[in-house]
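Only one structure is covered here, and it is reproduced in the block below.
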Amino acid sequence: RSIARKTSTTGAYLTRRGFASESAPDRKVAILGAAGGIGQPLSLLMKLNPLVSQLSLYDIAGTPGVAADVSHINTRSQVSGFAGDEQLRQALEGADVVIIPAGVPRKPGMTRDDLFNINAGIVKSLCTAIAKYCPHALVNMISNPVNSTVPIAAEVFKKAGTYDEKRLFGVTTLDVVRAKTFYAGKAKVNVADVIVPVVGGHAGITILPLFSQATPKANLGDEEIEALTKRTQDGGTEVVEAKAGKGSATLSMAYAGAIFADACLKGLNGVPDVVECSFVQSTVTDLPFFASKVRLGKNGVEEVLGLGPLSDFEKQGLEALKPELKSSIEKGIKFANDN
Ligand code: NAD
Ligand code: LMR
């Protein structure tokens, strides 16, 4: 059975049973931060993905237990757990895709940028190891603040001489997942049919959902679009407040991360027309990194797609987000070069 079935942006494997994987090429996926709130359910979802042949679960501690647990699931991949610096090399060697949900999450009252001081160093050291042990892997950066951690990763790879802009992705899929859910609820359309691009970055007003391009079309008024936009931008904070000090989105993020990694694997495997939004090196605006629709292929980014027609409200949102996004990008670059 061919693996070249048409992709779906909704991670069809999550609901499909009995998918034959014999013809899919071997693919190793490493998850760094695999024992955490996102890492554990993401490990589960990647274990369910028939495109994965080896699943490597790494954290500073706790991964042997997660790996033993997940490994009993009767799906294709062989699972290994690795803990601590001395096992990072083994965790990474041969990886085709590395997913990074390592780092601290927000508590109520914090911005994503408040995580910078701790997470920047974590991301820097993990990316230094990626450059050494699996320089050709596609890197899916989940750790916040994504608007800064992706530029940090790029600088680390540049210094190591391994940077390939086609292989570095900030995971913004959760913004798309939220925009789809909230739009479907308001527009009263089937959520499974909804497509909405979300562009910009991954923090507050830098998250810009393009509801003017949403399908199926619905006649929503300006106020409804503004409310949907705000809810999408504040989606992470909604979860942080509801969890009241116990962290941020983990389950919906694991779902979103699994969809994005699945898209990367499909691209690597040559499935055509795999398109997801992601925060990547970009010339779509005057900013060096920007989230927009990206076509994925055998080398990672095949094409960064443009923004398409924007409403006046979206044009204003685009101009408003640029200064914050620019300064978050510059902060990441400066950190990587100063430390
Ligand atoms: P968590 O604290 O539950 O888990 C983080 C894990 O990272 C822990 O198991 C910890 O041991 C591990 N870790 C820390 N330093 C490490 C290192 N050097 N190497 C390997 N592992 C290390 O946090 P969480 O809720 O899973 O969130 C993780 C990160 O993801 C946070 O920064 C959060 O803000 C971010 N996040 C991003 C998105 C997004 O849309 N991109 C969504 C939700 C959360
Ligand atoms: C999210 O969007 O849920 C994540 O970025 C976590 C957060 O801090 O909001």
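Ligands are numbered from 1 in the order shown, residues from 1 within each chain, and chains are lettered A, B, ... in the order they appear in the structure tokens.
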Selection near Ile60 (chain A), 12 Å with only C-alpha atoms, sequence-local residues under 4 positions removed, as a ChimeraX atom specification: /A:31-36,64,81-88,91,102-103,122,126
Write the residues you've just listed into a file as a compact mmCIF listing (two decimals), in the first residue's frame, and include N, CA and C atoms for each of them.
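Final output, part.txt:
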# COMPACT_ATOMS: atom_id res chain seq x y z
N ILE A 31 12.14 13.18 20.93
CA ILE A 31 11.41 14.20 21.68
C ILE A 31 12.28 14.61 22.87
N LEU A 32 12.63 15.89 22.92
CA LEU A 32 13.49 16.41 24.00
C LEU A 32 12.60 17.16 24.99
N GLY A 33 12.52 16.61 26.22
CA GLY A 33 11.54 17.12 27.19
C GLY A 33 10.37 16.16 27.27
N ALA A 34 10.67 14.88 26.97
CA ALA A 34 9.62 13.87 26.78
C ALA A 34 8.90 13.47 28.07
N ALA A 35 9.47 13.81 29.23
CA ALA A 35 8.80 13.44 30.48
C ALA A 35 7.88 14.54 30.99
N GLY A 36 7.78 15.64 30.25
CA GLY A 36 7.02 16.79 30.74
C GLY A 36 5.54 16.74 30.40
N PRO A 64 13.01 6.86 31.33
CA PRO A 64 12.90 5.40 31.28
C PRO A 64 11.47 4.93 31.58
N GLY A 81 14.18 5.17 25.96
CA GLY A 81 14.21 6.33 26.85
C GLY A 81 15.65 6.69 27.19
N PHE A 82 15.96 7.98 27.19
CA PHE A 82 17.30 8.46 27.51
C PHE A 82 17.20 9.59 28.52
N ALA A 83 18.09 9.58 29.52
CA ALA A 83 18.04 10.62 30.55
C ALA A 83 19.44 11.16 30.81
N GLY A 84 19.51 12.47 30.91
CA GLY A 84 20.78 13.09 31.29
C GLY A 84 21.69 13.35 30.11
N ASP A 85 22.59 14.33 30.33
CA ASP A 85 23.52 14.78 29.28
C ASP A 85 24.27 13.64 28.59
N GLU A 86 24.69 12.67 29.42
CA GLU A 86 25.55 11.62 28.86
C GLU A 86 24.78 10.72 27.86
N GLN A 87 23.45 10.79 27.87
CA GLN A 87 22.69 9.96 26.93
C GLN A 87 22.08 10.76 25.77
N LEU A 88 22.40 12.05 25.73
CA LEU A 88 21.81 12.91 24.70
C LEU A 88 22.27 12.51 23.29
N ALA A 91 20.36 9.61 22.11
CA ALA A 91 18.97 10.00 21.86
C ALA A 91 18.83 10.64 20.49
N ALA A 102 11.04 21.09 25.66
CA ALA A 102 11.78 21.17 26.93
C ALA A 102 11.75 22.60 27.44
N GLY A 103 11.56 22.76 28.75
CA GLY A 103 11.61 24.10 29.31
C GLY A 103 10.44 24.37 30.23
N ILE A 122 18.28 26.48 27.90
CA ILE A 122 17.94 25.07 27.63
C ILE A 122 17.96 24.80 26.12
N LEU A 126 20.46 22.33 23.95
CA LEU A 126 19.91 21.20 23.17
C LEU A 126 20.25 21.37 21.68
Check which residues fall inside 8 Å of ligand 1 when counting only C-alpha atoms and all ligand atoms, and print them as a CSV table (one decimal) with N, CA and C atoms, in the first residue's frame.
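Ended up saving to result_10.csv:
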chain,number,residue,atom,x,y,z
A,32,LEU,N,12.6,15.9,22.9
A,32,LEU,CA,13.5,16.4,24.0
A,32,LEU,C,12.6,17.2,25.0
A,33,GLY,N,12.5,16.6,26.2
A,33,GLY,CA,11.5,17.1,27.2
A,33,GLY,C,10.4,16.2,27.3
A,34,ALA,N,10.7,14.9,27.0
A,34,ALA,CA,9.6,13.9,26.8
A,34,ALA,C,8.9,13.5,28.1
A,35,ALA,N,9.5,13.8,29.2
A,35,ALA,CA,8.8,13.4,30.5
A,35,ALA,C,7.9,14.5,31.0
A,36,GLY,N,7.8,15.6,30.3
A,36,GLY,CA,7.0,16.8,30.7
A,36,GLY,C,5.5,16.7,30.4
A,37,GLY,N,4.9,17.8,30.7
A,37,GLY,CA,3.4,17.9,30.5
A,37,GLY,C,3.1,17.8,29.1
A,38,ILE,N,3.8,18.4,28.1
A,38,ILE,CA,3.6,18.2,26.7
A,38,ILE,C,4.2,16.8,26.3
A,39,GLY,N,5.5,16.6,26.8
A,39,GLY,CA,6.3,15.5,26.3
A,39,GLY,C,5.6,14.2,26.4
A,58,TYR,N,13.8,11.7,25.3
A,58,TYR,CA,14.9,12.2,26.1
A,58,TYR,C,14.3,13.3,27.1
A,59,ASP,N,14.9,13.3,28.3
A,59,ASP,CA,14.6,14.4,29.3
A,59,ASP,C,15.8,14.3,30.3
A,60,ILE,N,15.8,15.3,31.2
A,60,ILE,CA,16.9,15.3,32.2
A,60,ILE,C,16.6,14.1,33.2
A,61,ALA,N,15.4,13.7,33.3
A,61,ALA,CA,15.0,12.5,34.2
A,61,ALA,C,13.6,12.0,33.8
A,62,GLY,N,13.4,10.8,34.2
A,62,GLY,CA,12.0,10.3,34.1
A,62,GLY,C,11.6,9.6,32.8
A,84,GLY,N,19.5,12.5,30.9
A,84,GLY,CA,20.8,13.1,31.3
A,84,GLY,C,21.7,13.4,30.1
A,85,ASP,N,22.6,14.3,30.3
A,85,ASP,CA,23.5,14.8,29.3
A,85,ASP,C,24.3,13.6,28.6
A,100,ILE,N,11.1,19.6,20.2
A,100,ILE,CA,11.6,20.2,21.5
A,100,ILE,C,10.5,20.9,22.3
A,101,PRO,N,9.9,20.1,23.3
A,101,PRO,CA,9.0,20.8,24.3
A,101,PRO,C,9.7,20.8,25.6
A,102,ALA,N,11.0,21.1,25.7
A,102,ALA,CA,11.8,21.2,26.9
A,102,ALA,C,11.8,22.6,27.4
A,103,GLY,N,11.6,22.8,28.7
A,103,GLY,CA,11.6,24.1,29.3
A,103,GLY,C,10.4,24.4,30.2
A,104,VAL,N,10.5,25.5,30.9
A,104,VAL,CA,9.4,25.8,31.9
A,104,VAL,C,8.2,26.4,31.2
A,105,PRO,N,7.0,26.1,31.7
A,105,PRO,CA,5.8,26.8,31.2
A,105,PRO,C,5.4,28.0,32.0
A,106,ARG,N,4.4,28.8,31.5
A,106,ARG,CA,4.0,30.0,32.2
A,106,ARG,C,3.1,29.6,33.4
A,112,ARG,N,5.0,35.0,27.8
A,112,ARG,CA,5.9,33.9,27.3
A,112,ARG,C,7.3,34.4,27.4
A,115,LEU,N,9.6,33.6,30.2
A,115,LEU,CA,10.3,32.3,30.3
A,115,LEU,C,11.7,32.4,29.7
A,119,ASN,N,14.5,29.3,29.6
A,119,ASN,CA,14.3,28.5,28.4
A,119,ASN,C,15.4,28.7,27.3
A,122,ILE,N,18.3,26.5,27.9
A,122,ILE,CA,17.9,25.1,27.6
A,122,ILE,C,18.0,24.8,26.1
A,123,VAL,N,17.3,25.7,25.4
A,123,VAL,CA,17.2,25.5,23.9
A,123,VAL,C,18.6,25.6,23.3
A,125,SER,N,21.5,24.8,24.6
A,125,SER,CA,22.3,23.6,24.9
A,125,SER,C,21.8,22.4,24.1
A,126,LEU,N,20.5,22.3,24.0
A,126,LEU,CA,19.9,21.2,23.2
A,126,LEU,C,20.2,21.4,21.7
A,141,MET,N,10.5,23.3,17.0
A,141,MET,CA,10.7,24.0,18.3
A,141,MET,C,9.3,24.4,18.9
A,142,ILE,N,9.1,23.8,20.1
A,142,ILE,CA,7.8,24.1,20.9
A,142,ILE,C,8.1,25.0,22.0
A,143,SER,N,9.3,24.9,22.6
A,143,SER,CA,9.7,25.7,23.8
A,143,SER,C,9.5,27.2,23.6
A,144,ASN,N,8.9,27.8,24.6
A,144,ASN,CA,8.6,29.3,24.5
A,144,ASN,C,9.8,30.1,25.1
A,145,PRO,N,9.9,31.4,24.8
A,145,PRO,CA,9.1,32.1,23.8
A,145,PRO,C,9.5,31.7,22.3
A,146,VAL,N,8.6,31.1,21.6
A,146,VAL,CA,9.0,30.6,20.2
A,146,VAL,C,9.6,31.7,19.4
A,170,GLY,N,9.4,26.8,14.0
A,170,GLY,CA,8.7,27.1,15.2
A,170,GLY,C,7.3,26.6,15.1
A,171,VAL,N,6.9,25.8,16.1
A,171,VAL,CA,5.6,25.1,16.0
A,171,VAL,C,4.5,26.1,16.5
A,172,THR,N,3.7,26.5,15.5
A,172,THR,CA,2.5,27.4,15.8
A,172,THR,C,1.2,26.8,15.5
A,173,THR,N,1.3,25.4,15.4
A,173,THR,CA,0.1,24.7,15.0
A,173,THR,C,-1.1,24.8,16.0
A,174,LEU,N,-0.7,25.0,17.3
A,174,LEU,CA,-1.8,25.2,18.3
A,174,LEU,C,-2.6,26.4,18.0
A,175,ASP,N,-2.0,27.5,17.5
A,175,ASP,CA,-2.8,28.7,17.1
A,175,ASP,C,-3.8,28.3,16.0
A,202,HIS,N,4.2,33.6,17.7
A,202,HIS,CA,3.5,32.8,18.7
A,202,HIS,C,3.5,33.5,20.1
A,236,GLY,N,-3.6,30.7,24.8
A,236,GLY,CA,-2.7,30.2,25.7
A,236,GLY,C,-2.9,30.7,27.1
A,247,GLY,N,0.6,25.2,35.2
A,247,GLY,CA,1.2,25.1,33.9
A,247,GLY,C,0.4,25.6,32.8
A,248,SER,N,0.8,25.3,31.5
A,248,SER,CA,0.0,25.8,30.4
A,248,SER,C,-0.5,24.7,29.5
A,249,ALA,N,-0.9,25.0,28.3
A,249,ALA,CA,-1.5,23.9,27.5
A,249,ALA,C,-0.5,22.8,27.3
A,250,THR,N,-1.0,21.6,27.6
A,250,THR,CA,-0.2,20.4,27.3
A,250,THR,C,-0.8,19.4,26.4
A,253,MET,N,-1.6,21.0,23.1
A,253,MET,CA,-0.3,21.2,22.4
A,253,MET,C,0.3,19.9,21.9
A,256,ALA,N,-1.4,19.3,18.7
A,256,ALA,CA,-0.9,20.2,17.7
A,256,ALA,C,0.5,19.8,17.3
List as a list of chain:residue names the protein and nucleic acid residues near Val98 (chain A), meaning an atom at most 8 Å away when only C-alpha atoms are counted, but skip any in the same chain fewer than 2 places from it.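 Listed by chain and then number, they are A:Val29, A:Ala30, A:Ile31, A:Leu32, A:Leu92, A:Ala95, A:Asp96, A:Ile100, A:Ala137, A:Leu138, A:Val139, A:Asn140.
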A:Arg167, A:Arg27, A:Arg178, A:Lys315: which is nearest ligand 2, counting only C-alpha atoms and all ligand atoms?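 Nearest to ligand 2: A:Arg178.
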Using only C-alpha atoms and all ligand atoms: which of A:Thr232, A:Thr181, A:Gln213, A:Ser80 has the shortest distance to ligand 2: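 Smallest separation from ligand 2 among the options: A:Thr232.
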Give the strand (DSSP E or B) residues of region 25-239 of chain A, as assigned by DSSP on the backbone, as a ChimeraX atom specification. /A:28-32,54-59,78-83,97-100,138-141,168-170,195,198-200,207-209,215
Work out how far CA of Ser282 (chain A) is from CA of Ala258 (chain A), in Å to one decimal.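 Separating CA of Ala258 (chain A) from CA of Ser282 (chain A) is a distance of 23.4 Å.
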Neighbour list for region 189-197 of chain A as a PyMOL selection string, cut-off 8 Å, only C-alpha atoms, skip fewer than 4 positions in-chain: chain A and resi 10+176+179-181+183-185+209-211+213-216+277+292-293
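Across the structure, CA of Arg295 (chain A) and CA of Glu226 (chain A) are spaced 28.3 Å apart.
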Among listed residues A:Asp234, A:Asp222, A:Glu330, A:Asp286, nearest Ile207 (chain A) (using only C-alpha atoms):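 Smallest separation from Ile207 (chain A) among the options: A:Asp234.
Counting only C-alpha atoms and all ligand atoms and comparing A:Lys47, A:Arg231, A:His72, A:Lys326, the residue that lies closest to ligand 2 is A:Arg231.
Restricting the calculation to only C-alpha atoms and all ligand atoms, the smallest distance between ligand 2 and any of A:Ser43, A:Thr237, A:Asn337, A:Ser328 is found for A:Thr237.
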Residue contacts of His136 (chain A) (10 Å, only C-alpha atoms) excluding same-chain residues fewer than 4 positions away, as a list of chain:residue names: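 Here the answer would be A:Gly94, A:Ala95, A:Asp96, A:Val97, A:Ile130, A:Ala131, A:Lys132, A:Thr162, A:Tyr163, A:Asp164, A:Arg167, A:Asn299, A:Gly300.
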Could you dump the residues just selected with C-alpha atoms as an mmCIF file, in the first residue's frame?
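Saved result, part-v7.cif, follows:
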data_model
loop_
_atom_site.group_PDB
_atom_site.id
_atom_site.type_symbol
_atom_site.label_atom_id
_atom_site.label_comp_id
_atom_site.auth_asym_id
_atom_site.auth_seq_id
_atom_site.Cartn_x
_atom_site.Cartn_y
_atom_site.Cartn_z
ATOM 1 C CA GLY A 94 20.087 9.239 13.365
ATOM 2 C CA ALA A 95 17.052 11.394 14.148
ATOM 3 C CA ASP A 96 15.047 12.608 11.155
ATOM 4 C CA VAL A 97 12.814 14.875 13.246
ATOM 5 C CA ILE A 130 21.557 18.652 17.638
ATOM 6 C CA ALA A 131 24.228 20.409 15.561
ATOM 7 C CA LYS A 132 26.730 17.783 16.716
ATOM 8 C CA THR A 162 25.085 23.351 10.193
ATOM 9 C CA TYR A 163 22.297 25.894 9.694
ATOM 10 C CA ASP A 164 19.788 25.042 7.000
ATOM 11 C CA ARG A 167 15.027 22.492 8.567
ATOM 12 C CA ASN A 299 14.253 18.668 2.567
ATOM 13 C CA GLY A 300 11.901 20.349 5.026
#
Separation of CA of Val66 (chain A) from CA of Leu42 (chain A), in Å and rounded to one decimal: 11.0 Å
Using only C-alpha atoms and all ligand atoms, pick whichever of A:Asp338, A:Glu319, A:Glu241, A:Asp26 has the shortest atom-to-atom distance to ligand 2. A:Glu241
